[in-house]
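Engineer: This is the content of target-v5.txt (compact mmCIF, C-alpha atoms and all ligand atoms):
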```
# COMPACT_ATOMS: atom_id res chain seq x y z
CA MET A 996 172.11 121.81 159.21
CA ILE A 997 168.64 120.60 160.02
CA THR A 998 166.33 123.01 161.84
CA LEU A 999 163.34 121.43 163.51
CA PRO A 1000 160.22 123.28 164.71
CA SER A 1001 160.10 124.84 168.14
CA SER A 1002 156.67 123.24 168.59
CA LEU A 1003 155.14 120.38 166.66
CA LEU A 1004 151.81 118.60 166.82
CA LEU A 1005 151.96 115.07 165.39
CA VAL A 1006 148.57 113.65 164.44
CA GLY A 1007 148.83 109.85 164.24
CA TYR A 1008 151.53 107.70 165.76
CA GLY A 1009 151.45 104.71 163.39
CA LYS A 1010 154.20 103.31 161.17
CA MET A 1011 155.10 106.59 159.47
CA GLY A 1012 154.41 108.96 162.37
CA SER A 1013 156.52 106.93 164.81
CA ALA A 1014 159.40 106.53 162.32
CA LEU A 1015 159.48 110.27 161.56
CA LEU A 1016 159.32 111.19 165.24
CA GLU A 1017 162.27 108.90 166.01
CA HIS A 1018 164.38 110.70 163.36
CA TRP A 1019 163.32 114.13 164.66
CA PHE A 1020 164.43 113.12 168.15
CA ASN A 1021 167.75 111.88 166.70
CA HIS A 1022 168.20 115.31 165.10
CA GLY A 1023 167.66 117.15 168.36
CA LEU A 1024 163.92 117.71 168.68
CA THR A 1025 163.15 117.79 172.39
CA THR A 1026 160.23 115.92 173.91
CA GLY A 1027 158.95 119.22 175.30
CA ALA A 1028 158.54 120.52 171.74
CA VAL A 1029 156.19 117.71 170.68
CA VAL A 1030 152.57 116.91 171.35
CA VAL A 1031 151.04 113.77 169.82
CA VAL A 1032 147.37 113.23 169.12
CA GLU A 1033 146.72 109.50 169.34
CA PRO A 1034 143.20 108.25 170.15
CA HIS A 1035 144.32 104.66 170.77
CA GLU A 1036 144.74 104.58 174.59
CA GLU A 1037 147.19 101.67 174.70
CA THR A 1038 149.52 103.35 172.18
CA ALA A 1039 149.15 106.68 174.00
CA THR A 1040 150.10 105.17 177.37
CA ALA A 1041 153.14 103.38 175.89
CA LEU A 1042 154.23 106.61 174.24
CA ARG A 1043 153.92 108.61 177.46
CA LYS A 1044 155.98 105.99 179.31
CA ARG A 1045 158.66 105.61 176.63
CA HIS A 1046 159.35 109.23 175.77
CA GLY A 1047 157.59 111.18 178.54
CA LEU A 1048 155.65 112.90 175.78
CA THR A 1049 152.40 114.83 176.02
CA VAL A 1050 149.85 112.63 174.26
CA LEU A 1051 146.31 113.86 173.71
CA SER A 1052 143.36 111.69 172.79
CA SER A 1053 141.66 114.53 170.92
CA PRO A 1054 142.74 117.78 169.23
CA SER A 1055 140.20 119.67 171.34
CA GLU A 1056 142.73 119.39 174.21
CA THR A 1057 145.45 121.33 172.34
CA LYS A 1058 146.66 124.57 173.93
CA GLY A 1059 148.10 127.38 171.80
CA VAL A 1060 149.18 127.15 168.15
CA PRO A 1061 152.11 124.87 167.26
CA GLN A 1062 154.58 125.95 164.59
CA VAL A 1063 153.88 122.78 162.58
CA VAL A 1064 151.08 120.20 162.50
CA VAL A 1065 151.98 116.90 160.79
CA PHE A 1066 149.12 114.64 159.68
CA ALA A 1067 150.27 111.01 159.62
CA ILE A 1068 146.89 109.28 159.69
CA LYS A 1069 145.25 107.10 157.04
CA PRO A 1070 143.76 109.05 154.10
CA GLN A 1071 140.25 107.80 154.94
CA MET A 1072 140.51 109.33 158.43
CA MET A 1073 141.43 112.79 157.11
CA GLU A 1074 137.95 114.14 156.30
CA GLU A 1075 136.73 113.49 159.82
CA ALA A 1076 139.92 114.68 161.55
CA LEU A 1077 140.90 117.82 159.57
CA PRO A 1078 138.11 120.28 160.51
CA GLN A 1079 139.16 119.98 164.16
CA TYR A 1080 142.55 121.51 163.27
CA ALA A 1081 141.32 124.43 161.14
CA LYS A 1082 141.53 126.84 164.10
CA LEU A 1083 145.32 126.29 164.26
CA GLY A 1084 145.76 127.76 160.78
CA ALA A 1085 144.78 131.15 162.21
CA ALA A 1086 143.50 132.27 158.81
CA GLY A 1087 146.92 132.60 157.21
CA THR A 1088 148.38 135.02 159.75
CA SER A 1089 152.09 134.66 160.49
CA SER A 1090 151.19 133.00 163.80
CA GLY A 1091 149.23 130.22 162.09
CA ALA A 1092 150.57 126.66 161.99
CA LEU A 1093 152.11 125.08 158.93
CA PHE A 1094 150.11 121.96 158.05
CA VAL A 1095 152.10 119.05 156.61
CA SER A 1096 150.19 116.04 155.30
CA ILE A 1097 151.65 112.71 154.22
CA ALA A 1098 148.24 111.16 153.49
CA ALA A 1099 148.39 109.48 150.09
CA GLY A 1100 146.06 110.97 147.49
CA ARG A 1101 144.75 113.82 149.63
CA THR A 1102 145.20 116.93 147.49
CA ILE A 1103 146.07 120.42 148.65
CA ALA A 1104 142.62 121.52 147.41
CA SER A 1105 140.86 118.99 149.63
CA LEU A 1106 143.06 119.88 152.62
CA THR A 1107 142.31 123.57 151.99
CA ARG A 1108 138.57 122.85 151.99
CA HIS A 1109 138.83 121.57 155.56
CA LEU A 1110 141.62 123.76 156.93
CA GLY A 1111 140.69 127.10 155.35
CA ALA A 1112 141.63 128.97 152.17
CA ASP A 1113 144.52 130.80 153.85
CA ALA A 1114 146.00 127.75 155.56
CA ALA A 1115 149.68 127.06 154.81
CA ILE A 1116 149.75 123.48 153.52
CA VAL A 1117 152.51 121.11 152.41
CA ARG A 1118 151.52 117.81 150.83
CA ALA A 1119 154.35 115.29 151.00
CA MET A 1120 154.90 111.77 149.67
CA PRO A 1121 157.52 109.88 151.70
CA ASN A 1122 158.39 106.23 151.15
CA ILE A 1123 158.90 103.32 153.52
CA PRO A 1124 162.74 103.53 153.83
CA VAL A 1125 162.01 106.66 155.89
CA ALA A 1126 161.81 104.06 158.68
CA ILE A 1127 165.61 103.65 158.59
CA GLY A 1128 166.51 107.22 157.62
CA HIS A 1129 166.98 106.37 153.93
CA GLY A 1130 163.64 107.63 152.68
CA MET A 1131 162.82 109.67 149.61
CA THR A 1132 160.23 112.37 150.16
CA VAL A 1133 158.81 114.67 147.50
CA ALA A 1134 156.51 117.55 148.43
CA CYS A 1135 154.45 120.37 147.00
CA ALA A 1136 153.46 123.53 148.87
CA SER A 1137 150.39 125.72 148.64
CA PRO A 1138 151.11 129.35 147.63
CA THR A 1139 150.33 130.37 151.21
CA VAL A 1140 153.47 128.62 152.53
CA GLY A 1141 156.25 131.11 153.36
CA ASN A 1142 159.98 130.57 152.79
CA THR A 1143 160.77 129.78 156.43
CA GLN A 1144 157.91 127.29 156.49
CA ARG A 1145 159.23 125.66 153.28
CA GLU A 1146 162.63 125.25 154.91
CA LEU A 1147 161.07 123.78 158.04
CA ALA A 1148 159.03 121.29 156.01
CA ALA A 1149 162.09 120.28 153.96
CA ASP A 1150 164.12 119.74 157.14
CA LEU A 1151 161.42 117.54 158.70
CA PHE A 1152 161.88 115.06 155.85
CA THR A 1153 165.62 115.56 155.33
CA ALA A 1154 165.92 114.20 158.89
CA ALA A 1155 164.67 110.88 157.45
CA GLY A 1156 166.46 110.75 154.09
CA ALA A 1157 166.46 112.62 150.78
CA PHE A 1158 163.98 115.37 150.00
CA THR A 1159 162.93 117.41 146.99
CA TRP A 1160 160.14 119.84 146.01
CA VAL A 1161 157.94 119.75 142.93
CA ASP A 1162 156.13 122.90 141.78
CA SER A 1163 153.22 121.10 140.17
CA GLU A 1164 151.06 118.95 142.43
CA ASN A 1165 150.16 116.73 139.43
CA LEU A 1166 153.70 115.39 139.54
CA LEU A 1167 152.99 113.77 142.90
CA ASP A 1168 151.11 111.00 141.04
CA PRO A 1169 154.15 109.77 139.05
CA VAL A 1170 156.29 110.45 142.14
CA THR A 1171 154.00 108.09 144.08
CA ALA A 1172 154.40 105.53 141.29
CA VAL A 1173 158.22 105.75 141.26
CA SER A 1174 159.45 106.37 144.80
CA GLY A 1175 156.29 105.81 146.88
CA SER A 1176 155.47 102.37 145.48
CA GLY A 1177 159.02 101.77 144.19
CA PRO A 1178 160.34 99.89 147.24
CA ALA A 1179 157.75 97.17 146.48
CA TYR A 1180 159.21 96.72 142.97
CA VAL A 1181 162.70 96.32 144.47
CA PHE A 1182 161.43 93.79 147.04
CA LEU A 1183 159.76 91.91 144.16
CA LEU A 1184 163.10 91.87 142.35
CA ALA A 1185 164.73 90.31 145.44
CA GLU A 1186 161.97 87.69 145.61
CA CYS A 1187 162.20 86.85 141.89
CA LEU A 1188 166.01 86.69 142.03
CA ALA A 1189 165.84 84.22 144.94
CA ARG A 1190 163.31 82.03 143.06
CA ALA A 1191 165.50 82.14 139.96
CA GLY A 1192 168.45 81.00 142.12
CA VAL A 1193 166.42 78.02 143.35
CA ALA A 1194 165.50 77.19 139.74
CA ALA A 1195 169.22 77.27 138.91
CA GLY A 1196 169.99 74.71 141.64
CA LEU A 1197 170.61 76.69 144.88
CA ASP A 1198 168.80 75.70 148.07
CA GLU A 1199 166.12 78.14 149.21
CA ASP A 1200 167.94 79.64 152.22
CA LEU A 1201 171.11 80.32 150.27
CA ALA A 1202 169.14 81.78 147.34
CA GLN A 1203 167.28 84.12 149.74
CA GLN A 1204 170.52 85.19 151.41
CA LEU A 1205 172.21 85.92 148.08
CA ALA A 1206 169.23 87.83 146.68
CA CYS A 1207 168.76 90.00 149.80
CA ALA A 1208 172.47 90.78 150.16
CA THR A 1209 172.71 91.57 146.45
CA VAL A 1210 169.78 93.99 146.46
CA SER A 1211 170.77 95.73 149.70
CA GLY A 1212 174.51 95.85 148.83
CA SER A 1213 173.79 97.22 145.34
CA GLY A 1214 171.48 99.87 146.81
CA ALA A 1215 174.14 100.91 149.33
CA LEU A 1216 176.77 101.07 146.57
CA LEU A 1217 174.52 103.20 144.36
CA ASP A 1218 174.02 105.48 147.36
CA LYS A 1219 177.72 105.83 148.15
CA THR A 1220 179.30 106.07 144.69
CA ARG A 1221 179.22 109.03 142.33
CA LYS A 1222 178.50 106.70 139.42
CA THR A 1223 175.07 106.39 137.84
CA ALA A 1224 173.13 103.11 137.79
CA ALA A 1225 173.95 102.79 134.06
CA GLN A 1226 177.70 103.24 134.70
CA LEU A 1227 177.67 100.67 137.52
CA GLN A 1228 175.88 98.26 135.22
CA ARG A 1229 178.52 98.71 132.51
CA ASP A 1230 181.29 98.19 135.10
CA ILE A 1231 180.01 94.66 135.86
CA ALA A 1232 179.01 93.59 132.36
CA SER A 1233 182.18 92.71 130.48
CA PRO A 1234 181.67 91.83 126.80
CA GLY A 1235 180.82 88.17 126.29
CA GLY A 1236 180.59 87.59 130.07
CA THR A 1237 177.95 86.20 132.40
CA THR A 1238 176.29 89.52 133.31
CA GLU A 1239 175.93 90.47 129.66
CA ALA A 1240 174.25 87.13 128.96
CA ALA A 1241 171.67 87.86 131.69
CA LEU A 1242 171.16 91.52 130.71
CA GLU A 1243 170.44 90.50 127.11
CA VAL A 1244 167.58 88.35 128.42
CA LEU A 1245 166.29 91.08 130.76
CA MET A 1246 166.29 93.73 128.03
CA ALA A 1247 164.89 91.55 125.20
CA GLU A 1248 161.24 92.30 124.27
CA PRO A 1249 159.05 92.96 126.23
CA GLY A 1250 162.03 93.57 128.53
CA MET A 1251 162.43 95.05 131.96
CA GLN A 1252 162.25 98.66 130.74
CA LYS A 1253 158.89 98.14 129.02
CA LEU A 1254 157.49 96.27 132.03
CA LEU A 1255 158.60 98.94 134.49
CA THR A 1256 157.34 101.76 132.25
CA GLU A 1257 153.94 100.04 132.14
CA ALA A 1258 153.99 99.37 135.89
CA VAL A 1259 154.77 103.02 136.69
CA ALA A 1260 152.08 104.18 134.23
CA ALA A 1261 149.53 101.87 135.93
CA ALA A 1262 150.48 103.16 139.40
CA THR A 1263 150.35 106.78 138.17
CA ALA A 1264 146.87 106.22 136.70
CA ARG A 1265 145.68 104.63 139.96
CA ALA A 1266 147.16 107.51 142.00
CA ARG A 1267 145.17 109.95 139.79
CA GLN A 1268 141.98 107.91 140.27
CA LEU A 1269 142.42 107.84 144.06
CA SER A 1270 143.34 111.55 144.41
CA LYS A 1271 140.70 113.75 145.92
N1 LIG B 1 153.35 103.35 155.03
C1 LIG B 1 153.87 103.91 153.94
O1 LIG B 1 154.74 103.36 153.23
C2 LIG B 1 153.43 105.28 153.51
C3 LIG B 1 154.13 105.93 152.47
C4 LIG B 1 153.71 107.23 152.11
C5 LIG B 1 152.64 107.83 152.75
N2 LIG B 1 151.98 107.14 153.73
C6 LIG B 1 150.84 107.79 154.38
O2 LIG B 1 151.13 107.92 155.76
C7 LIG B 1 149.91 107.95 156.48
C8 LIG B 1 150.07 107.07 157.70
O3 LIG B 1 150.33 105.76 157.26
P1 LIG B 1 150.80 104.63 158.28
O4 LIG B 1 151.22 103.48 157.45
O5 LIG B 1 151.71 105.21 159.28
O6 LIG B 1 149.38 104.31 158.98
P2 LIG B 1 149.10 103.63 160.40
O7 LIG B 1 150.25 102.78 160.80
O8 LIG B 1 147.73 103.04 160.34
O9 LIG B 1 149.08 104.90 161.39
C9 LIG B 1 148.02 105.78 161.54
C10 LIG B 1 147.90 106.06 163.04
O10 LIG B 1 147.00 107.13 163.24
C11 LIG B 1 146.09 106.80 164.30
N3 LIG B 1 144.85 107.55 164.10
C12 LIG B 1 143.71 107.19 163.47
N4 LIG B 1 142.82 108.21 163.49
C13 LIG B 1 143.42 109.24 164.14
C14 LIG B 1 143.02 110.56 164.49
N5 LIG B 1 141.80 111.05 164.17
N6 LIG B 1 143.88 111.34 165.17
C15 LIG B 1 145.12 110.89 165.50
N7 LIG B 1 145.55 109.64 165.21
C16 LIG B 1 144.71 108.83 164.53
C17 LIG B 1 145.93 105.31 164.14
O11 LIG B 1 145.42 104.76 165.33
P3 LIG B 1 144.52 103.40 165.24
O12 LIG B 1 145.44 102.34 164.73
O13 LIG B 1 144.06 103.22 166.63
O14 LIG B 1 143.41 103.71 164.25
C18 LIG B 1 147.36 104.88 163.84
O15 LIG B 1 148.12 104.75 165.01
C19 LIG B 1 148.81 107.49 155.53
O16 LIG B 1 148.00 108.58 155.18
C20 LIG B 1 149.55 106.98 154.31
O17 LIG B 1 148.85 107.26 153.12
C21 LIG B 1 152.35 105.90 154.14
```
Will you turn the file into structure tokens for me?
Structural biologist:
Amino acid sequence: MITLPSSLLLVGYGKMGSALLEHWFNHGLTTGAVVVVEPHEETATALRKRHGLTVLSSPSETKGVPQVVVFAIKPQMMEEALPQYAKLGAAGTSSGALFVSIAAGRTIASLTRHLGADAAIVRAMPNIPVAIGHGMTVACASPTVGNTQRELAADLFTAAGAFTWVDSENLLDPVTAVSGSGPAYVFLLAECLARAGVAAGLDEDLAQQLACATVSGSGALLDKTRKTAAQLQRDIASPGGTTEAALEVLMAEPGMQKLLTEAVAAATARARQLSK
């Protein structure tokens, strides 16, 4: 069962913030339990009208200490925004808020610098399928985060898909490269498959339809079955058949495995460069 916070302050109502909030509402979070900080007046007005939510234009208007503060703003906005929330951490006392950040590349150390050494901080890396409740989120917690707070943080993301913890924050760089950026690799596969269909004689619309349905149907099957991706692959590829002919091409040097390993290594290296 998913337990959501009794009070939550959401900082940033963009693509990720709005998607997460929608899932929290679907899992029973009440509008009275949420306050949103959104400086963009047009977005704030629409949000007030749509959900009847309390929307503040600045954190200085917050009253009391929420159980959880979620930062869903762009990484480059964090330095300016964070110091205004430090008071909600209440210097690590049990009444202080849990801070959850989804800002890419913003380390726990840098969040701590702005929010205070005793602040309870969770750094999470969700991915874009969070938008439809099929996300994959991986997170790391500062040592100041208590067990109840860990459970709360896990539930916030479980409401929008799968969730797992890593103990070492360094692992969030390869995590970013695999599941954070990963959807783009899968969309590229769909695009390439459609182009290959056109090259093989299909018209463009049909090729697009086949490629999209194949990628989404295969993803759904992988999600529903107990079989691994390797087992599913073997199920389709009968010896001497059409699938085997294609797989031999895909796995010949340099091959899909080598390309993906290099792609993930490049993304990991870039994530390390951008981390601060
Ligand atoms: N999109 C992804 O796939 C993805 C995946 C993993 C992690 N993330 C992380 O998620 C975070 C949000 O990304 P996003 O794609 O949702 O960005 P976004 O759509 O640009 O949303 C950010 C929102 O925050 C608002 N904002 C800016 N400054 C603010 C402040 N000081 N206080 C409160 N709100 C403020 C922005 O308003 P204005 O538009 O008026 O500036 C905008 O509505 C980023 O840090 C990103 O690294 C994103």
Engineer: I need the residue nearest Ile1103 of chain A from this list: A:Ser1270, A:Thr1026, A:Ser1174, A:Ser1211. Use all atoms listed in the file for the distance.
Structural biologist: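 Result for the nearest residue to Ile1103 of chain A: A:Ser1270.
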Engineer: Applying 6 Å and all atoms listed in the file, which residues near segment 1095-1098 of chain A remain after dropping the ones on its own chain fewer than 5 positions away? List them as a list in words.
Structural biologist: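 The residues that qualify are Val1065, Phe1066, Ala1067, Pro1070, Ile1116, Val1117, Arg1118, Ala1119 and Met1120 of chain A.
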Engineer: Can I get the residues of chain A within 9 Å of ligand LIG 1 (chain B), each with the closest pair of atoms and their distance in Å to one decimal, using only C-alpha atoms and all ligand atoms, sorted chain first then ascending number, as a tab-separated table?
Structural biologist:
```
residue	atom	partner	partner_atom	distance
A:Leu1005	CA	B:LIG1	C15	8.0
A:Val1006	CA	B:LIG1	C15	4.5
A:Gly1007	CA	B:LIG1	N7	3.4
A:Tyr1008	CA	B:LIG1	O15	4.6
A:Gly1009	CA	B:LIG1	O9	3.1
A:Lys1010	CA	B:LIG1	O5	3.7
A:Met1011	CA	B:LIG1	O5	3.7
A:Gly1012	CA	B:LIG1	O5	5.6
A:Ser1013	CA	B:LIG1	O5	7.5
A:Ala1014	CA	B:LIG1	O5	8.4
A:Val1031	CA	B:LIG1	C15	7.9
A:Val1032	CA	B:LIG1	C15	4.9
A:Glu1033	CA	B:LIG1	N7	4.3
A:Pro1034	CA	B:LIG1	N7	5.6
A:His1035	CA	B:LIG1	O13	4.4
A:Glu1036	CA	B:LIG1	O13	8.1
A:Glu1037	CA	B:LIG1	O13	8.8
A:Thr1038	CA	B:LIG1	O15	7.4
A:Leu1051	CA	B:LIG1	C15	8.8
A:Ser1052	CA	B:LIG1	C15	7.5
A:Ser1053	CA	B:LIG1	N6	6.9
A:Pro1054	CA	B:LIG1	N6	7.7
A:Phe1066	CA	B:LIG1	C7	7.5
A:Ala1067	CA	B:LIG1	C8	4.4
A:Ile1068	CA	B:LIG1	C9	4.1
A:Lys1069	CA	B:LIG1	O16	3.6
A:Pro1070	CA	B:LIG1	O16	4.4
A:Gln1071	CA	B:LIG1	O16	7.8
A:Met1072	CA	B:LIG1	N4	5.7
A:Met1073	CA	B:LIG1	N5	7.3
A:Glu1075	CA	B:LIG1	N5	7.1
A:Ala1076	CA	B:LIG1	N5	4.9
A:Leu1077	CA	B:LIG1	N5	8.2
A:Ser1096	CA	B:LIG1	O16	7.8
A:Ile1097	CA	B:LIG1	C6	5.0
A:Ala1098	CA	B:LIG1	O16	3.1
A:Ala1099	CA	B:LIG1	O17	3.8
A:Gly1100	CA	B:LIG1	O17	7.3
A:Arg1101	CA	B:LIG1	O16	8.3
A:Ala1119	CA	B:LIG1	C5	7.9
A:Met1120	CA	B:LIG1	C4	5.3
A:Pro1121	CA	B:LIG1	C4	4.7
A:Asn1122	CA	B:LIG1	C3	4.5
A:Ile1123	CA	B:LIG1	O1	4.2
A:Pro1124	CA	B:LIG1	O1	8.0
A:Val1125	CA	B:LIG1	O1	8.4
A:Ala1126	CA	B:LIG1	O1	9.0
A:Thr1132	CA	B:LIG1	C4	8.5
A:Thr1171	CA	B:LIG1	C4	8.1
A:Gly1175	CA	B:LIG1	C3	6.0
A:Ser1176	CA	B:LIG1	O1	7.8
A:Pro1178	CA	B:LIG1	O1	8.9
```
Engineer: Let me make sure I understand: among A:Val1063, A:Ala1215, A:Leu1166, A:Ala1264, which one has the smallest atom-to-atom distance to Gln1144 of chain A if we use only C-alpha atoms?
Structural biologist: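 Among the listed residues, A:Val1063 lies closest to Gln1144 of chain A.
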Engineer: Could you give me, as a PyMOL selection string, the residues within 9 Å of Ala1028 of chain A, counting all atoms listed in the file and dropping anything in the same chain fewer than 4 positions from it?
Structural biologist: chain A and resi 1000-1004+1024+1061
Engineer: Now that the selection is made, can you save its residues with C-alpha atoms as an mmCIF file, in the frame of the given file?
Structural biologist:
```cif
data_model
loop_
_atom_site.group_PDB
_atom_site.id
_atom_site.type_symbol
_atom_site.label_atom_id
_atom_site.label_comp_id
_atom_site.auth_asym_id
_atom_site.auth_seq_id
_atom_site.Cartn_x
_atom_site.Cartn_y
_atom_site.Cartn_z
ATOM 1 C CA PRO A 1000 160.220 123.280 164.710
ATOM 2 C CA SER A 1001 160.100 124.840 168.140
ATOM 3 C CA SER A 1002 156.670 123.240 168.590
ATOM 4 C CA LEU A 1003 155.140 120.380 166.660
ATOM 5 C CA LEU A 1004 151.810 118.600 166.820
ATOM 6 C CA LEU A 1024 163.920 117.710 168.680
ATOM 7 C CA PRO A 1061 152.110 124.870 167.260
#
```
Engineer: Quick one: residues within 10 Å of Leu1048 of chain A, all atoms listed in the file counted, chain neighbours fewer than 3 positions away excluded, as a PyMOL selection string?
Structural biologist: chain A and resi 1025-1031+1039-1045+1051
Engineer: Keeping C-alpha atoms, export the residues of the selection given above as a CSV table (one decimal), in the frame of the given file.
Structural biologist:
```csv
chain,number,residue,atom,x,y,z
A,1025,THR,CA,163.2,117.8,172.4
A,1026,THR,CA,160.2,115.9,173.9
A,1027,GLY,CA,159.0,119.2,175.3
A,1028,ALA,CA,158.5,120.5,171.7
A,1029,VAL,CA,156.2,117.7,170.7
A,1030,VAL,CA,152.6,116.9,171.4
A,1031,VAL,CA,151.0,113.8,169.8
A,1039,ALA,CA,149.2,106.7,174.0
A,1040,THR,CA,150.1,105.2,177.4
A,1041,ALA,CA,153.1,103.4,175.9
A,1042,LEU,CA,154.2,106.6,174.2
A,1043,ARG,CA,153.9,108.6,177.5
A,1044,LYS,CA,156.0,106.0,179.3
A,1045,ARG,CA,158.7,105.6,176.6
A,1051,LEU,CA,146.3,113.9,173.7
```
Engineer: Ranking A:Leu1183, A:Cys1207, A:Leu1147, A:Met1131 by minimum distance to Ala1092 of chain A and counting only C-alpha atoms, which one comes first?
Structural biologist: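 Under the stated criterion, the closest residue is A:Leu1147.
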Engineer: Write out as JSON, numbers by chain the residues lying within 9 Å of Phe1152 of chain A, counting all atoms listed in the file and excluding same-chain residues fewer than 2 positions away.
Structural biologist: {"A": [1015, 1019, 1119, 1121, 1125, 1130, 1131, 1132, 1133, 1148, 1149, 1150, 1154, 1155, 1156, 1157, 1158]}
Engineer: Counting only C-alpha atoms, what is within 12 Å of Gln1204 of chain A, bar same-chain residues fewer than 2 positions away, as a PDB file with C-alpha atoms, in the coordinates of the input?
Structural biologist:
```
ATOM      1  CA  ALA A1185     164.730  90.310 145.440  1.00  0.00           C
ATOM      2  CA  GLU A1186     161.970  87.690 145.610  1.00  0.00           C
ATOM      3  CA  LEU A1188     166.010  86.690 142.030  1.00  0.00           C
ATOM      4  CA  ALA A1189     165.840  84.220 144.940  1.00  0.00           C
ATOM      5  CA  ARG A1190     163.310  82.030 143.060  1.00  0.00           C
ATOM      6  CA  GLY A1192     168.450  81.000 142.120  1.00  0.00           C
ATOM      7  CA  VAL A1193     166.420  78.020 143.350  1.00  0.00           C
ATOM      8  CA  LEU A1197     170.610  76.690 144.880  1.00  0.00           C
ATOM      9  CA  ASP A1198     168.800  75.700 148.070  1.00  0.00           C
ATOM     10  CA  GLU A1199     166.120  78.140 149.210  1.00  0.00           C
ATOM     11  CA  ASP A1200     167.940  79.640 152.220  1.00  0.00           C
ATOM     12  CA  LEU A1201     171.110  80.320 150.270  1.00  0.00           C
ATOM     13  CA  ALA A1202     169.140  81.780 147.340  1.00  0.00           C
ATOM     14  CA  ALA A1206     169.230  87.830 146.680  1.00  0.00           C
ATOM     15  CA  CYS A1207     168.760  90.000 149.800  1.00  0.00           C
ATOM     16  CA  ALA A1208     172.470  90.780 150.160  1.00  0.00           C
ATOM     17  CA  THR A1209     172.710  91.570 146.450  1.00  0.00           C
ATOM     18  CA  VAL A1210     169.780  93.990 146.460  1.00  0.00           C
ATOM     19  CA  SER A1211     170.770  95.730 149.700  1.00  0.00           C
ATOM     20  CA  GLY A1212     174.510  95.850 148.830  1.00  0.00           C
TER      21      GLY A1212
END
```
Engineer: Interatomic distance between atom CA of Lys1222 of chain A and atom CA of His1018 of chain A?
Structural biologist: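 Rounded to one decimal, the two atoms are 28.1 Å apart.
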Engineer: Which residue out of A:Glu1243, A:Pro1078, A:Thr1139, A:Ala1134 has the minimum interatomic distance to Val1161 of chain A when only C-alpha atoms are used?
Structural biologist: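 With only C-alpha atoms as the atom set, the closest residue is A:Ala1134.
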Engineer: Can you work out which one of A:Gly1091, A:Thr1049, A:Phe1020, A:Leu1216 has the shortest atom-to-atom distance to Gln1062 of chain A, counting only C-alpha atoms?
Structural biologist: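 Looking at the shortest contact to Gln1062 of chain A, the residue is A:Gly1091.
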Engineer: Using only C-alpha atoms, pick whichever of A:Thr1223, A:Ser1090, A:Asn1021, A:Gln1228 has the shortest atom-to-atom distance to Gly1141 of chain A.
Structural biologist: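 With only C-alpha atoms as the atom set, the closest residue is A:Ser1090.
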Engineer: If you measure from atom CA of Leu1016 of chain A to atom CA of Ser1137 of chain A, what distance in Å do you get, rounded to one decimal?
Structural biologist: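 So the answer is 23.8 Å.
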Engineer: To box segment 1228-1241 of chain A, take all atoms listed in the file, fit an axis-aligned box, add 8 Å on each side, and give centre and edge lengths in Å to one decimal, as lines of an AutoDock Vina configuration file.
Structural biologist:
```
center_x = 176.9
center_y = 92.5
center_z = 131.1
size_x = 26.5
size_y = 28.5
size_z = 25.6
```
Engineer: By how many Å are atom CA of Gly1235 of chain A and atom CA of Lys1219 of chain A apart?
Structural biologist: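 Distance reported for this atom pair: 28.3 Å.
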